[in-house]
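Note sheet for the following structure.
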Amino acid sequence: MSKVHISRTCIIALHNLYMEILLSDVYRLTIILLASSFALKNMEYMSMIRAYSTEGVFSFRIVGSDVFYRSGYGKFFERLYSDSGLKLLITISLTGILTLVIIPFASLAFKLILTLVLIINFLIHRRHKFGLDGADQMNVLLSITVLTFWILPVSNTIQIYGIYFIAVQLSLSYLVAGVAKLFSTSWRSGQAVKGIFSTYMFGSYESRLLTRRHPAVNQLLCWLTIIFEITFPLGLLFGGTGALIVLAIGFSFHLANAFIMGLNDFLWSFTSFYPAFYFAAVNLEPIIY
Amino acid sequence: MDLSITQWIYLVAMVAWVLCTLLWQFPKIRENAPLLSRINVLGIFPIWTFFSPNPGIFDVHVIYRDKDVYDTISEWKEMEILFPRQFIHGFWNPRKRNVKLIIDAVSDVKTVLGKYRGDDDLNSRIMLTKGFLVLLQGVSAMPKLLDAKHVIRQFAIINSTNINGHRTIVPIYESQYFSI
């Protein structure tokens with residue numbers, strides 16, 4: 001009896017140790033993906049920096065007019081968000097991201113620099129509301145989660161909460177998108193994909209040709225998108241294998257969107273949620289079964 | 001449950017955040033819930049309804065023309081917003097942000113157009129929108145179309161569809177002339 005008890009304790013201890021290692025790896029992977037997403041975004045901003053000058057289309061006096069004219073700190077923000085200010089923020093962010101590569105993971109220096117990178121990217125994000133997309137929203141959500149659930153000195157349990165929170169938010173993002181499409185006539189009828197792909201903004205030559213020549217493809221793509229997005233959260237209920245299957249489909253979905261629609265940042269921002277989703281599914285498996 | 005106070009705080013905050021995010025998906029709630037808007041001042045509630053319920057099936061075009069002191073009017077010229085999709089865009093696509101900026105600006109103008117169509121002060125309302133100012137800024141930066149020292153400029157917003165290869169053009173808005 002005592003032998004059984006000891007081996008059970010050992011198994012639980014091993015399981016906890018495994019989960020602890022996995023937890024650390026999940027946060028590491030999440031942070032690597034999030035930082036890569038920021039690096040890409042920072043470099044894309046830098047390549048278009050002239051658009052952010054006073055004469056540019058992204059001039060802070062225009063896109064940030066609500067902050068510039070209505071707050072008492074207009075001049076401060078104007079300097080911060082001028083093209084030279086933005087250049088400085090981006091340079092600090094990119095230097096910080098490069099430094100993270102060489103600093104030991106989870107050390108105090110790592111956490112301090114990561115905090116700086118997250119805050120700077122949050123400031124860049126808050127510069128203007130126009131011109132932002134869902135990928136930017138995902139980055140903000142994950143940044144705040146990493147900051148409050150991992151960087152702040154919290155217990156392992158709270159770090160696990162953070163993982164579940166990320167998994168739930170990811171599931172919600174797909175579920176809400178899927179349900180909204182299900183209630184849309186143009187998605188149900190197959191016209192949505194045809195319409196989106198027919199534009200020069202979000203379509204490509206090949207996608208236009210494909211949807212024009214094969215009308216059945218439109219219907220198929222619309223319904224595949226709806227079914228994938230609505231069933232995505234179920235990946236949490238079928239353990240590691242189930243999670244890997246939906247994540248592989250999700251990755252392919254965003255990869256296709258990147259090349260066809262030019263939404264390259266969605267690929268990085270959504271996949272940075274994936275390690276947490278996998279961990280949550282693995283962790284839930286013994287509870288469900 | 002045997003949870004510490006910190007754990008309870010985190011749990012409650014997480015559940016509240018998820019619930020608020022869910023509520024934030026509904027346009028009517030976004031418009032009529034000042035408390036949620038105040039909490040969301042940092043943009044922590046995302047909107048997940050990508051390309052739905054009404055997917056963007058229009059291309060947006062901004063065109064402009066110049067007029068000189070002798071009332072000579074140039075041809076319309078289109079601002080370069082759209083670029084053909086290239087393989088590289090799967091990895092690197094900085095211009096998508098400019099496209100999105102113009103989409104958001106046009107959408108802002110269209111909202112006011114829809115809300116105040118027929119009103120006497122429609123034009124002044126439009127001119128006070130951030131969307132109009134963004135478009136004005138973009139159009140003003142374009143080179144002159146007439147060989148004259150002083151010109152005034154007008155711009156227009158056009159939507160186009162390209163379904164089944166049939167191009168349909170829908171004029172949305174035409175600005176007044178303004179000096180550049």
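Labeling convention for the structure tokens: chains A, B, ... as they appear, residues from 1 per chain, ligands from 1 in order of appearance.
By chain and then residue number, the residues within 10 Å of region 227-230 of chain A are Ser171, Leu172, Ser173, Tyr174, Leu175, Val176, Ala177, Gly178, Val179, Ala180, Lys181, Leu182, Leu221, Val246, Ile249, Gly250 and Phe253 of chain A, counting only C-alpha atoms and disregarding those fewer than 6 positions away in sequence.
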Give the alpha helix (DSSP H) residues of region 3-59 of chain B, as DSSP finds them on the backbone, and put them as JSON, numbers by chain. {"B": [5, 6, 7, 8, 9, 10, 11, 12, 13, 14, 15, 16, 17, 18, 19, 20, 21, 22, 23, 24, 27, 28, 29, 30, 31, 32, 34, 35, 36, 37, 38, 39]}
Selected residues written out with N, CA and C atoms, as a short mmCIF file (atom, residue, chain, number, x, y, z; two decimals), in the first residue's frame:
data_model
loop_
_atom_site.label_atom_id
_atom_site.label_comp_id
_atom_site.auth_asym_id
_atom_site.auth_seq_id
_atom_site.Cartn_x
_atom_site.Cartn_y
_atom_site.Cartn_z
N ILE B 5 -5.69 35.52 -1.81
CA ILE B 5 -6.38 36.76 -2.24
C ILE B 5 -5.90 37.18 -3.63
N THR B 6 -4.57 37.07 -3.84
CA THR B 6 -4.01 37.45 -5.15
C THR B 6 -4.63 36.61 -6.25
N GLN B 7 -4.73 35.31 -5.98
CA GLN B 7 -5.31 34.42 -7.00
C GLN B 7 -6.75 34.79 -7.29
N TRP B 8 -7.48 35.12 -6.23
CA TRP B 8 -8.88 35.55 -6.43
C TRP B 8 -8.95 36.81 -7.29
N ILE B 9 -8.04 37.75 -6.98
CA ILE B 9 -8.04 39.02 -7.74
C ILE B 9 -7.79 38.74 -9.22
N TYR B 10 -6.80 37.90 -9.47
CA TYR B 10 -6.48 37.57 -10.87
C TYR B 10 -7.66 36.87 -11.55
N LEU B 11 -8.27 35.91 -10.82
CA LEU B 11 -9.39 35.16 -11.41
C LEU B 11 -10.54 36.08 -11.78
N VAL B 12 -10.90 36.95 -10.82
CA VAL B 12 -12.03 37.86 -11.05
C VAL B 12 -11.71 38.80 -12.22
N ALA B 13 -10.45 39.32 -12.22
CA ALA B 13 -10.07 40.24 -13.30
C ALA B 13 -10.13 39.55 -14.66
N MET B 14 -9.68 38.29 -14.70
CA MET B 14 -9.69 37.53 -15.96
C MET B 14 -11.11 37.32 -16.48
N VAL B 15 -11.98 36.88 -15.55
CA VAL B 15 -13.37 36.61 -15.95
C VAL B 15 -14.04 37.90 -16.41
N ALA B 16 -13.79 38.99 -15.65
CA ALA B 16 -14.39 40.28 -16.02
C ALA B 16 -13.89 40.73 -17.40
N TRP B 17 -12.62 40.54 -17.63
CA TRP B 17 -12.00 40.95 -18.91
C TRP B 17 -12.63 40.17 -20.08
N VAL B 18 -12.77 38.86 -19.87
CA VAL B 18 -13.36 38.03 -20.94
C VAL B 18 -14.81 38.44 -21.19
N LEU B 19 -15.56 38.68 -20.11
CA LEU B 19 -16.97 39.07 -20.27
C LEU B 19 -17.09 40.42 -20.97
N CYS B 20 -16.24 41.37 -20.56
CA CYS B 20 -16.27 42.70 -21.20
C CYS B 20 -15.90 42.58 -22.68
N THR B 21 -14.93 41.72 -22.98
CA THR B 21 -14.52 41.53 -24.38
C THR B 21 -15.70 41.00 -25.19
N LEU B 22 -16.43 40.06 -24.58
CA LEU B 22 -17.60 39.49 -25.27
C LEU B 22 -18.64 40.57 -25.55
N LEU B 23 -18.92 41.39 -24.52
CA LEU B 23 -19.91 42.46 -24.68
C LEU B 23 -19.47 43.47 -25.74
N TRP B 24 -18.17 43.71 -25.79
CA TRP B 24 -17.59 44.72 -26.70
C TRP B 24 -17.77 44.34 -28.17
N PRO B 27 -21.94 46.15 -31.58
CA PRO B 27 -21.84 47.59 -31.87
C PRO B 27 -22.74 48.45 -30.99
N LYS B 28 -23.95 47.96 -30.69
CA LYS B 28 -24.88 48.77 -29.89
C LYS B 28 -24.33 48.97 -28.48
N ILE B 29 -23.69 47.94 -27.94
CA ILE B 29 -23.12 48.06 -26.60
C ILE B 29 -21.93 49.03 -26.63
N ARG B 30 -21.13 48.93 -27.70
CA ARG B 30 -19.96 49.83 -27.81
C ARG B 30 -20.42 51.29 -27.82
N GLU B 31 -21.57 51.54 -28.48
CA GLU B 31 -22.04 52.93 -28.59
C GLU B 31 -22.70 53.42 -27.31
N ASN B 32 -23.33 52.48 -26.57
CA ASN B 32 -24.15 52.91 -25.44
C ASN B 32 -23.65 52.48 -24.07
N PRO B 34 -20.94 53.79 -21.75
CA PRO B 34 -19.83 54.72 -21.46
C PRO B 34 -18.82 54.14 -20.47
N LEU B 35 -19.31 53.30 -19.55
CA LEU B 35 -18.38 52.73 -18.55
C LEU B 35 -17.37 51.82 -19.24
N LEU B 36 -17.88 50.98 -20.15
CA LEU B 36 -16.97 50.08 -20.88
C LEU B 36 -15.98 50.89 -21.74
N SER B 37 -16.50 51.96 -22.36
CA SER B 37 -15.62 52.80 -23.19
C SER B 37 -14.53 53.42 -22.33
N ARG B 38 -14.91 53.81 -21.11
CA ARG B 38 -13.92 54.43 -20.22
C ARG B 38 -12.86 53.41 -19.81
N ILE B 39 -13.31 52.17 -19.54
CA ILE B 39 -12.34 51.12 -19.17
C ILE B 39 -11.44 50.82 -20.36
#
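Excluding Gly114 (chain B) itself and any same-chain residue fewer than 5 positions from it, the protein and nucleic acid residues within 12 Å of it, counting only C-alpha atoms, are Ser107, Asp108, Val109, Asp119, Leu122, Arg125, Ile126, Ile172 and Tyr173 of chain B.
All residues of protein, DNA or RNA that reach within 12 Å of Leu22 (chain A), judged by only C-alpha atoms and not counting those fewer than 2 positions away in the chain, are Leu14, His15, Asn16, Leu17, Tyr18, Met19, Glu20, Ser24, Asp25, Val26, Tyr27, Arg28, Leu29, Thr30, Asn156, Gln159, Ile160, Ile163, Pro275, Ala276, Tyr278, Phe279, Ala280, Val282 and Asn283 of chain A.
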From the options A:Ile62, A:Leu116, A:Ala216, A:Met261, which residue's atoms come nearest to Leu136 (chain B), counting only C-alpha atoms?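 Among the listed residues, the smallest separation from Leu136 (chain B) belongs to A:Ile62.
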Find the residues around His150 (chain B) up to 12 Å (only C-alpha atoms counted), leave out those fewer than 2 positions away in its own chain, and share them as number ranges by chain. B: 66-72, 144-148, 152-153, 178-180
Write down as a PDB file with C-alpha atoms, in the first residue's frame the residues belonging to region 99-165 of chain B that are assigned strand (DSSP E) by DSSP computed on the backbone.
ATOM      1  CA  VAL B 151      -3.795  76.058 -57.744  1.00  0.00           C
ATOM      2  CA  ILE B 152      -6.704  74.910 -55.678  1.00  0.00           C
ATOM      3  CA  ARG B 153      -7.449  71.214 -55.269  1.00  0.00           C
ATOM      4  CA  GLN B 154     -10.505  69.008 -54.952  1.00  0.00           C
ATOM      5  CA  PHE B 155     -10.623  65.345 -54.069  1.00  0.00           C
ATOM      6  CA  ALA B 156     -13.208  62.606 -54.335  1.00  0.00           C
ATOM      7  CA  ILE B 157     -13.734  59.180 -52.838  1.00  0.00           C
ATOM      8  CA  ILE B 158     -14.787  56.338 -55.081  1.00  0.00           C
ATOM      9  CA  ASN B 159     -15.604  52.728 -54.327  1.00  0.00           C
ATOM     10  CA  SER B 160     -15.149  50.075 -56.974  1.00  0.00           C
ATOM     11  CA  THR B 161     -15.999  46.417 -57.188  1.00  0.00           C
TER      12      THR B 161
END
Which of these residues is nearest to chain A, using only C-alpha atoms: B:Val170, B:Val62, B:Val112, B:Ile44?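 Of B:Val170, B:Val62, B:Val112, B:Ile44, the one nearest chain A is B:Ile44, counting only C-alpha atoms.
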Tell me which protein, DNA and RNA residues are within 12 Å of Leu118 (chain A), counting only C-alpha atoms, leaving out same-chain ones fewer than 5 positions away, and put them as a CSV table (one decimal) with all heavy atoms, in the first residue's frame.
chain,number,residue,atom,x,y,z
A,31,ILE,N,6.9,34.5,-25.8
A,31,ILE,CA,7.6,35.7,-25.8
A,31,ILE,C,8.5,35.8,-27.1
A,31,ILE,O,8.6,36.9,-27.7
A,31,ILE,CB,8.5,35.9,-24.5
A,31,ILE,CG1,7.5,36.1,-23.3
A,31,ILE,CG2,9.5,37.0,-24.6
A,31,ILE,CD1,8.2,35.9,-22.0
A,34,LEU,N,6.0,36.7,-29.8
A,34,LEU,CA,5.5,38.1,-29.6
A,34,LEU,C,6.6,39.1,-30.0
A,34,LEU,O,6.4,40.1,-30.7
A,34,LEU,CB,5.1,38.3,-28.2
A,34,LEU,CG,4.5,39.7,-27.8
A,34,LEU,CD1,3.3,40.0,-28.6
A,34,LEU,CD2,4.3,39.8,-26.3
A,35,ALA,N,7.8,38.8,-29.6
A,35,ALA,CA,9.0,39.7,-29.9
A,35,ALA,C,9.2,39.7,-31.4
A,35,ALA,O,9.5,40.8,-32.0
A,35,ALA,CB,10.2,39.3,-29.1
A,37,SER,N,7.0,39.3,-33.7
A,37,SER,CA,5.9,40.1,-34.2
A,37,SER,C,6.2,41.6,-34.1
A,37,SER,O,6.0,42.3,-35.1
A,37,SER,CB,4.6,39.7,-33.5
A,37,SER,OG,3.5,40.4,-33.9
A,38,PHE,N,6.7,42.0,-32.9
A,38,PHE,CA,7.1,43.4,-32.7
A,38,PHE,C,8.2,43.8,-33.6
A,38,PHE,O,8.3,44.9,-34.2
A,38,PHE,CB,7.4,43.6,-31.3
A,38,PHE,CG,6.2,43.8,-30.4
A,38,PHE,CD1,6.2,43.2,-29.1
A,38,PHE,CD2,5.1,44.5,-30.8
A,38,PHE,CE1,5.1,43.3,-28.3
A,38,PHE,CE2,4.0,44.6,-30.0
A,38,PHE,CZ,4.0,44.0,-28.7
A,39,ALA,N,9.2,42.9,-33.8
A,39,ALA,CA,10.4,43.2,-34.6
A,39,ALA,C,9.9,43.5,-36.1
A,39,ALA,O,10.4,44.4,-36.7
A,39,ALA,CB,11.4,42.0,-34.6
A,89,LEU,N,11.9,55.5,-30.6
A,89,LEU,CA,11.2,54.4,-29.9
A,89,LEU,C,11.4,53.1,-30.6
A,89,LEU,O,11.7,52.1,-30.0
A,89,LEU,CB,9.7,54.7,-30.0
A,89,LEU,CG,9.1,55.9,-29.1
A,89,LEU,CD1,7.7,56.1,-29.3
A,89,LEU,CD2,9.4,55.5,-27.6
A,90,ILE,N,11.4,53.1,-32.0
A,90,ILE,CA,11.6,51.8,-32.7
A,90,ILE,C,13.0,51.3,-32.5
A,90,ILE,O,13.2,50.1,-32.3
A,90,ILE,CB,11.3,52.1,-34.2
A,90,ILE,CG1,9.8,52.3,-34.4
A,90,ILE,CG2,11.8,50.9,-35.0
A,90,ILE,CD1,9.5,52.8,-35.8
A,92,ILE,N,15.0,51.8,-29.9
A,92,ILE,CA,15.1,51.2,-28.6
A,92,ILE,C,14.4,49.8,-28.5
A,92,ILE,O,14.9,48.9,-28.0
A,92,ILE,CB,14.4,52.2,-27.5
A,92,ILE,CG1,15.2,53.5,-27.4
A,92,ILE,CG2,14.4,51.5,-26.1
A,92,ILE,CD1,14.5,54.5,-26.6
A,93,SER,N,13.2,49.8,-29.2
A,93,SER,CA,12.5,48.5,-29.2
A,93,SER,C,13.3,47.4,-29.8
A,93,SER,O,13.5,46.3,-29.3
A,93,SER,CB,11.2,48.7,-29.9
A,93,SER,OG,10.6,47.4,-30.1
A,94,LEU,N,13.9,47.7,-31.0
A,94,LEU,CA,14.6,46.7,-31.8
A,94,LEU,C,15.9,46.3,-31.0
A,94,LEU,O,16.2,45.1,-31.0
A,94,LEU,CB,15.0,47.2,-33.2
A,94,LEU,CG,13.8,47.2,-34.2
A,94,LEU,CD1,14.2,47.9,-35.5
A,94,LEU,CD2,13.3,45.8,-34.5
A,96,GLY,N,16.2,46.4,-27.8
A,96,GLY,CA,15.8,45.6,-26.7
A,96,GLY,C,15.5,44.2,-27.1
A,96,GLY,O,15.9,43.2,-26.4
A,97,ILE,N,14.8,44.0,-28.2
A,97,ILE,CA,14.5,42.7,-28.7
A,97,ILE,C,15.8,41.9,-29.0
A,97,ILE,O,15.9,40.7,-28.6
A,97,ILE,CB,13.6,42.8,-30.0
A,97,ILE,CG1,12.2,43.3,-29.6
A,97,ILE,CG2,13.5,41.4,-30.7
A,97,ILE,CD1,11.3,43.7,-30.8
A,111,LYS,N,13.5,40.4,-17.7
A,111,LYS,CA,12.2,40.9,-17.5
A,111,LYS,C,12.1,42.4,-17.6
A,111,LYS,O,11.1,42.9,-18.1
A,111,LYS,CB,11.7,40.4,-16.1
A,111,LYS,CG,11.4,38.9,-16.0
A,111,LYS,CD,10.8,38.5,-14.7
A,111,LYS,CE,10.3,37.1,-14.8
A,111,LYS,NZ,9.6,36.6,-13.6
A,112,LEU,N,13.2,43.1,-17.2
A,112,LEU,CA,13.2,44.5,-17.3
A,112,LEU,C,13.2,45.0,-18.7
A,112,LEU,O,12.4,45.9,-19.1
A,112,LEU,CB,14.4,45.1,-16.5
A,112,LEU,CG,14.3,45.1,-15.0
A,112,LEU,CD1,15.7,45.6,-14.4
A,112,LEU,CD2,13.2,46.0,-14.5
A,113,ILE,N,14.0,44.3,-19.5
A,113,ILE,CA,14.1,44.7,-20.9
A,113,ILE,C,12.8,44.4,-21.7
A,113,ILE,O,12.3,45.2,-22.5
A,113,ILE,CB,15.4,44.1,-21.6
A,113,ILE,CG1,16.6,44.7,-21.0
A,113,ILE,CG2,15.4,44.3,-23.1
A,113,ILE,CD1,17.9,44.1,-21.4
A,123,LEU,N,3.2,52.1,-26.6
A,123,LEU,CA,3.2,53.5,-26.9
A,123,LEU,C,3.0,53.7,-28.5
A,123,LEU,O,2.3,54.6,-28.9
A,123,LEU,CB,4.5,54.2,-26.5
A,123,LEU,CG,4.5,54.6,-25.0
A,123,LEU,CD1,5.9,55.1,-24.6
A,123,LEU,CD2,3.5,55.6,-24.6
A,124,ILE,N,3.8,52.9,-29.2
A,124,ILE,CA,3.7,53.0,-30.7
A,124,ILE,C,2.2,52.7,-31.1
A,124,ILE,O,1.7,53.4,-32.0
A,124,ILE,CB,4.7,52.1,-31.4
A,124,ILE,CG1,6.1,52.5,-31.0
A,124,ILE,CG2,4.5,52.0,-32.9
A,124,ILE,CD1,7.2,51.5,-31.5
A,125,HIS,N,1.7,51.7,-30.5
A,125,HIS,CA,0.3,51.2,-30.8
A,125,HIS,C,-0.7,52.4,-30.6
A,125,HIS,O,-1.6,52.6,-31.3
A,125,HIS,CB,0.0,50.0,-30.0
A,125,HIS,CG,-1.5,49.6,-30.1
A,125,HIS,ND1,-2.0,48.9,-31.2
A,125,HIS,CD2,-2.5,49.8,-29.3
A,125,HIS,CE1,-3.3,48.7,-31.0
A,125,HIS,NE2,-3.6,49.3,-29.9
A,139,ASN,N,-1.6,41.7,-30.3
A,139,ASN,CA,-0.3,42.1,-29.7
A,139,ASN,C,-0.5,42.8,-28.3
A,139,ASN,O,0.2,42.5,-27.4
A,139,ASN,CB,0.5,42.9,-30.6
A,139,ASN,CG,1.2,42.2,-31.7
A,139,ASN,OD1,1.3,40.9,-31.6
A,139,ASN,ND2,1.6,42.8,-32.7
A,140,VAL,N,-1.5,43.7,-28.3
A,140,VAL,CA,-1.7,44.4,-27.1
A,140,VAL,C,-2.2,43.5,-26.0
A,140,VAL,O,-1.7,43.5,-24.8
A,140,VAL,CB,-2.8,45.6,-27.3
A,140,VAL,CG1,-3.3,46.1,-26.0
A,140,VAL,CG2,-2.2,46.7,-28.1
A,141,LEU,N,-3.2,42.6,-26.4
A,141,LEU,CA,-3.7,41.7,-25.4
A,141,LEU,C,-2.7,40.8,-24.8
A,141,LEU,O,-2.6,40.6,-23.6
A,141,LEU,CB,-4.8,40.9,-26.2
A,141,LEU,CG,-5.8,40.0,-25.4
A,141,LEU,CD1,-6.5,40.9,-24.4
A,141,LEU,CD2,-6.7,39.3,-26.3
A,142,LEU,N,-1.8,40.3,-25.7
A,142,LEU,CA,-0.8,39.4,-25.2
A,142,LEU,C,0.3,40.1,-24.4
A,142,LEU,O,0.8,39.6,-23.4
A,142,LEU,CB,-0.1,38.7,-26.4
A,142,LEU,CG,0.7,37.4,-26.1
A,142,LEU,CD1,-0.1,36.4,-25.3
A,142,LEU,CD2,1.2,36.8,-27.4
A,143,SER,N,0.6,41.3,-24.8
A,143,SER,CA,1.6,42.1,-24.0
A,143,SER,C,1.1,42.3,-22.6
A,143,SER,O,1.9,42.1,-21.7
A,143,SER,CB,1.8,43.5,-24.7
A,143,SER,OG,2.3,43.4,-25.9
A,144,ILE,N,-0.2,42.7,-22.5
A,144,ILE,CA,-0.7,43.0,-21.1
A,144,ILE,C,-0.7,41.7,-20.3
A,144,ILE,O,-0.4,41.7,-19.1
A,144,ILE,CB,-2.1,43.6,-21.2
A,144,ILE,CG1,-2.0,45.0,-21.9
A,144,ILE,CG2,-2.7,43.8,-19.8
A,144,ILE,CD1,-3.3,45.7,-22.1
A,145,THR,N,-1.0,40.6,-21.0
A,145,THR,CA,-1.1,39.3,-20.3
A,145,THR,C,0.3,38.9,-19.8
A,145,THR,O,0.5,38.5,-18.6
A,145,THR,CB,-1.7,38.2,-21.2
A,145,THR,OG1,-2.9,38.7,-21.8
A,145,THR,CG2,-2.0,36.9,-20.4
A,146,VAL,N,1.3,39.0,-20.7
A,146,VAL,CA,2.7,38.6,-20.3
A,146,VAL,C,3.2,39.5,-19.2
A,146,VAL,O,3.8,39.0,-18.2
A,146,VAL,CB,3.6,38.7,-21.5
A,146,VAL,CG1,5.1,38.6,-21.1
A,146,VAL,CG2,3.3,37.6,-22.5
A,147,LEU,N,2.8,40.8,-19.3
A,147,LEU,CA,3.3,41.7,-18.2
A,147,LEU,C,2.7,41.4,-16.9
A,147,LEU,O,3.4,41.4,-15.9
A,147,LEU,CB,2.9,43.1,-18.7
A,147,LEU,CG,3.5,44.3,-18.0
A,147,LEU,CD1,5.0,44.4,-18.3
A,147,LEU,CD2,2.8,45.6,-18.4
A,148,THR,N,1.4,41.1,-16.8
A,148,THR,CA,0.7,41.0,-15.5
A,148,THR,C,0.8,39.5,-15.0
A,148,THR,O,0.7,39.3,-13.8
A,148,THR,CB,-0.8,41.4,-15.6
A,148,THR,OG1,-1.4,40.8,-16.8
A,148,THR,CG2,-0.9,42.9,-15.7
A,151,ILE,N,5.7,38.7,-16.0
A,151,ILE,CA,6.8,39.5,-15.5
A,151,ILE,C,6.6,39.9,-14.1
A,151,ILE,O,7.6,39.9,-13.3
A,151,ILE,CB,6.9,40.8,-16.4
A,151,ILE,CG1,7.2,40.4,-17.9
A,151,ILE,CG2,7.9,41.8,-15.9
A,151,ILE,CD1,7.3,41.5,-18.9
